[in-house]
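These notes are about the structure you will find just below.
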Amino acid sequence: MWRRRLGALLLRSPPSSSSTAASSCQHRRRHLLPSEEPLAVNRLARLFTSQAGSDGGNSQKPFIAFVLGGPGSGKGTQCTKIASDFGFAHLSAGDLLRHEIASGSEKGELILDTIKEGRIVPSEITVELIRKAMETSNANKVLIDGFPRCEENRIAFERIVGREPDVVVFFDCPEDEMVKRLLGRNQGRVDDNIETIKKRLKVFESLNIPVIDYYSSRGKVRKINATGTADEIFDAVHKLFSSLRF
Ligand SMILES: Nc1ncnc2c1ncn2[C@@H]1O[C@H](COP(=O)(O)OP(=O)(O)OP(=O)(O)O)[C@@H](O)[C@H]1O
Ligand SMILES: O=c1ccn([C@@H]2O[C@H](COP(=O)(O)O)[C@@H](O)[C@H]2O)c(=O)[nH]1
Ligand SMILES: [Mg+2]
């Protein structure tokens with residue numbers, strides 16, 4: 001189901017370079033060798049190693065769940081429920097980026113432009129925000145919602161934090177359902193419009209699915225059918241989290 005196309009209406013237009021691949025996340029369906037990793041990632045890894053220690057700042061390693069799924073698959077909705085029932089800290093990469101925009105920081109403009117285009121923000125920015133948030137929360141169970149978005153994100157995180165996630169939860173939702181949900185979200189998000197949604201779906205397919213494939217090959221992915229009501233989906237999520245050891 002995760003490769004299902006929305007069909008003629010949404011995905012017929014040919015991909016343009018700006019709509020399919022973020023400048024820092026262009027590596028498709030091929031895992032990088034260490035020598036091929038972008039310089040920025042290597043620089044960042046050295047920086048964090050000297051600032052935060054090899055475990056990324058946590059003296060006790062937290063249980064880490066990556067929560068992935070297409071745009072509008074319900075990641076945020078389900079994470080709120082998991083956090084409430086299972087005591088996880090909920091770190092949404094998208095929310096961290098939006099807060100960075102709202103803070104008026106130097107990087108805000110670049111982040112805003114990238115989100116409007118449905119592209120992926122450079123790993124050094126996102127990983128730094130996540131690392132800080134993990135450190136600040138000091139939680140022993142963390143949901144990282146909507147990250148990693150591409151192989152470069154994944155490699156940067158694993159190198160800097162020094163480990164893989166314990167589990168990757170994948171919300172599998174048909175594209176037409178995701179589009180319907182996003183167009184009805186009504187929270188004033190700059191990316192909740194049909195043009196950006198089309199781009200986000202392409203980026204999900206070309207750059208995020210390879211991350212899910214990678215973690216599947218490592219036996220880490222737990223796929224949840226993300227159709228039905230939020231409560232119905234949470235029944236399955238609840239069963240899954242009840243079966244995990246954290
Ligand atoms: N099972 C569901 N059925 C119908 N609507 C839902 C369901 N789950 C979530 N929604 C609604 O769909 C919209 C998108 O949900 P949500 O924000 O949780 O998705 P998301 O995966 O976090 O999206 P994004 O990647 O854009 O952040 C919201 O308006 C939410 O209330
Ligand atoms: O790791 C990330 C997470 C998000 N982005 C950008 O933000 C938007 C919205 O993200 P949500 O998680 O869906 O709220 C996403 O389309 C990207 O443009 C990112 O670059 N990296
Ligand atoms: Mg979300």
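For the structure tokens, the naming scheme is as follows: chains receive sequential letters (A, B, ...) according to their order of presentation, residues are indexed from 1 within each chain, and ligands are indexed from 1 in presentation order.
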Q: Could you give me the residues within 9 Å of ligand 2, counting only C-alpha atoms and all ligand atoms, as a PyMOL selection string?
A: chain A and resi 22+68+70-72+75-76+92-98+111-123+125-127+130+145-150+153+189+191+196-197+199-200+203-204
Q: From region 73-155 of chain A, collect each residue whose DSSP state is alpha helix (DSSP H) and return the set as a ChimeraX atom specification.
A: /A:75-86,93-102,108-116,123-137,151-155
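Considering the residues A:Glu100, A:Asp231, A:Asp213, A:Glu152 and counting only C-alpha atoms, Val168 (chain A) has its shortest atom-to-atom contact with A:Asp213.
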Q) Given a cut-off of 6 Å, what residues near ligand 1 show up using only C-alpha atoms and all ligand atoms, put as a ChimeraX atom specification? A) /A:71-77,181-182,185,227-230
With N, CA, C and O atoms retained, export the selected residues as a PDB file, in the first residue's frame.
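Listing of part_12.pdb after writing:
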ATOM      1  N   PRO A  71       2.866  12.504   4.535  1.00  0.00           N
ATOM      2  CA  PRO A  71       2.242  13.718   5.046  1.00  0.00           C
ATOM      3  C   PRO A  71       0.750  13.491   5.289  1.00  0.00           C
ATOM      4  O   PRO A  71       0.048  13.032   4.390  1.00  0.00           O
ATOM      5  N   GLY A  72       0.313  13.757   6.510  1.00  0.00           N
ATOM      6  CA  GLY A  72      -1.109  13.570   6.817  1.00  0.00           C
ATOM      7  C   GLY A  72      -1.483  12.158   7.206  1.00  0.00           C
ATOM      8  O   GLY A  72      -2.662  11.849   7.396  1.00  0.00           O
ATOM      9  N   SER A  73      -0.509  11.304   7.384  1.00  0.00           N
ATOM     10  CA  SER A  73      -0.824   9.904   7.753  1.00  0.00           C
ATOM     11  C   SER A  73      -1.280   9.796   9.207  1.00  0.00           C
ATOM     12  O   SER A  73      -1.763   8.744   9.624  1.00  0.00           O
ATOM     13  N   GLY A  74      -1.083  10.868   9.972  1.00  0.00           N
ATOM     14  CA  GLY A  74      -1.572  10.873  11.359  1.00  0.00           C
ATOM     15  C   GLY A  74      -0.473  10.702  12.401  1.00  0.00           C
ATOM     16  O   GLY A  74      -0.751  10.381  13.565  1.00  0.00           O
ATOM     17  N   LYS A  75       0.759  10.989  12.024  1.00  0.00           N
ATOM     18  CA  LYS A  75       1.886  10.826  12.955  1.00  0.00           C
ATOM     19  C   LYS A  75       1.689  11.656  14.222  1.00  0.00           C
ATOM     20  O   LYS A  75       1.823  11.164  15.342  1.00  0.00           O
ATOM     21  N   GLY A  76       1.401  12.949  14.013  1.00  0.00           N
ATOM     22  CA  GLY A  76       1.264  13.853  15.166  1.00  0.00           C
ATOM     23  C   GLY A  76       0.098  13.450  16.060  1.00  0.00           C
ATOM     24  O   GLY A  76       0.218  13.428  17.292  1.00  0.00           O
ATOM     25  N   THR A  77      -1.016  13.106  15.433  1.00  0.00           N
ATOM     26  CA  THR A  77      -2.221  12.703  16.177  1.00  0.00           C
ATOM     27  C   THR A  77      -1.920  11.486  17.052  1.00  0.00           C
ATOM     28  O   THR A  77      -2.268  11.436  18.235  1.00  0.00           O
ATOM     29  N   ARG A 181      -7.052  14.523   4.377  1.00  0.00           N
ATOM     30  CA  ARG A 181      -6.816  14.985   5.754  1.00  0.00           C
ATOM     31  C   ARG A 181      -6.065  16.316   5.786  1.00  0.00           C
ATOM     32  O   ARG A 181      -6.396  17.209   6.564  1.00  0.00           O
ATOM     33  N   LEU A 182      -5.053  16.431   4.922  1.00  0.00           N
ATOM     34  CA  LEU A 182      -4.243  17.665   4.957  1.00  0.00           C
ATOM     35  C   LEU A 182      -5.063  18.869   4.512  1.00  0.00           C
ATOM     36  O   LEU A 182      -4.958  19.956   5.095  1.00  0.00           O
ATOM     37  N   ARG A 185      -7.093  20.063   7.351  1.00  0.00           N
ATOM     38  CA  ARG A 185      -6.447  20.257   8.666  1.00  0.00           C
ATOM     39  C   ARG A 185      -6.765  21.629   9.264  1.00  0.00           C
ATOM     40  O   ARG A 185      -6.955  21.762  10.461  1.00  0.00           O
ATOM     41  N   THR A 227      -5.504   3.694   8.251  1.00  0.00           N
ATOM     42  CA  THR A 227      -6.852   4.070   7.817  1.00  0.00           C
ATOM     43  C   THR A 227      -7.829   3.779   8.955  1.00  0.00           C
ATOM     44  O   THR A 227      -7.529   2.993   9.855  1.00  0.00           O
ATOM     45  N   GLY A 228      -8.983   4.426   8.884  1.00  0.00           N
ATOM     46  CA  GLY A 228      -9.967   4.294   9.971  1.00  0.00           C
ATOM     47  C   GLY A 228      -9.905   5.533  10.857  1.00  0.00           C
ATOM     48  O   GLY A 228      -9.190   6.495  10.542  1.00  0.00           O
ATOM     49  N   THR A 229     -10.645   5.485  11.931  1.00  0.00           N
ATOM     50  CA  THR A 229     -10.650   6.654  12.809  1.00  0.00           C
ATOM     51  C   THR A 229      -9.349   6.679  13.627  1.00  0.00           C
ATOM     52  O   THR A 229      -8.660   5.656  13.763  1.00  0.00           O
ATOM     53  N   ALA A 230      -9.064   7.842  14.192  1.00  0.00           N
ATOM     54  CA  ALA A 230      -7.851   7.974  15.005  1.00  0.00           C
ATOM     55  C   ALA A 230      -7.883   6.986  16.173  1.00  0.00           C
ATOM     56  O   ALA A 230      -6.848   6.404  16.534  1.00  0.00           O
TER      57      ALA A 230
END
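Comparing A:Ser137, A:Gly108, A:Glu175, A:Ala236 by their smallest distance to Lys202 (chain A), the closest is A:Glu175 (using only C-alpha atoms).
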Q: Apply DSSP to the backbone of this structure and, from region 81-229 of chain A, keep only the residues in strand (DSSP E or B); write these as a VMD selection string.
A: chain A and resid 89 to 92 141 to 145 167 to 172 221 to 225
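Every protein, DNA or RNA residue with an atom at most 10 Å from Val221 (chain A), where only C-alpha atoms count and chain neighbours fewer than 5 positions away do not, is listed here: Ala65, Phe66, Val67, Leu68, Asp166, Val167, Val168, Val169, Phe170, Ile212, Asp213, Tyr214, Tyr215 and Ser216 of chain A.
Closest to ligand 3 among A:Gly69, A:Gly162, A:Gly87, A:Gly219 is A:Gly69, based on only C-alpha atoms and all ligand atoms.
Closest to ligand 3 among A:Ser103, A:Gln187, A:Ser242, A:Gln60 is A:Gln187, based on only C-alpha atoms and all ligand atoms.
CA of Ala139 (chain A) lies 6.2 Å from CA of Ala89 (chain A).
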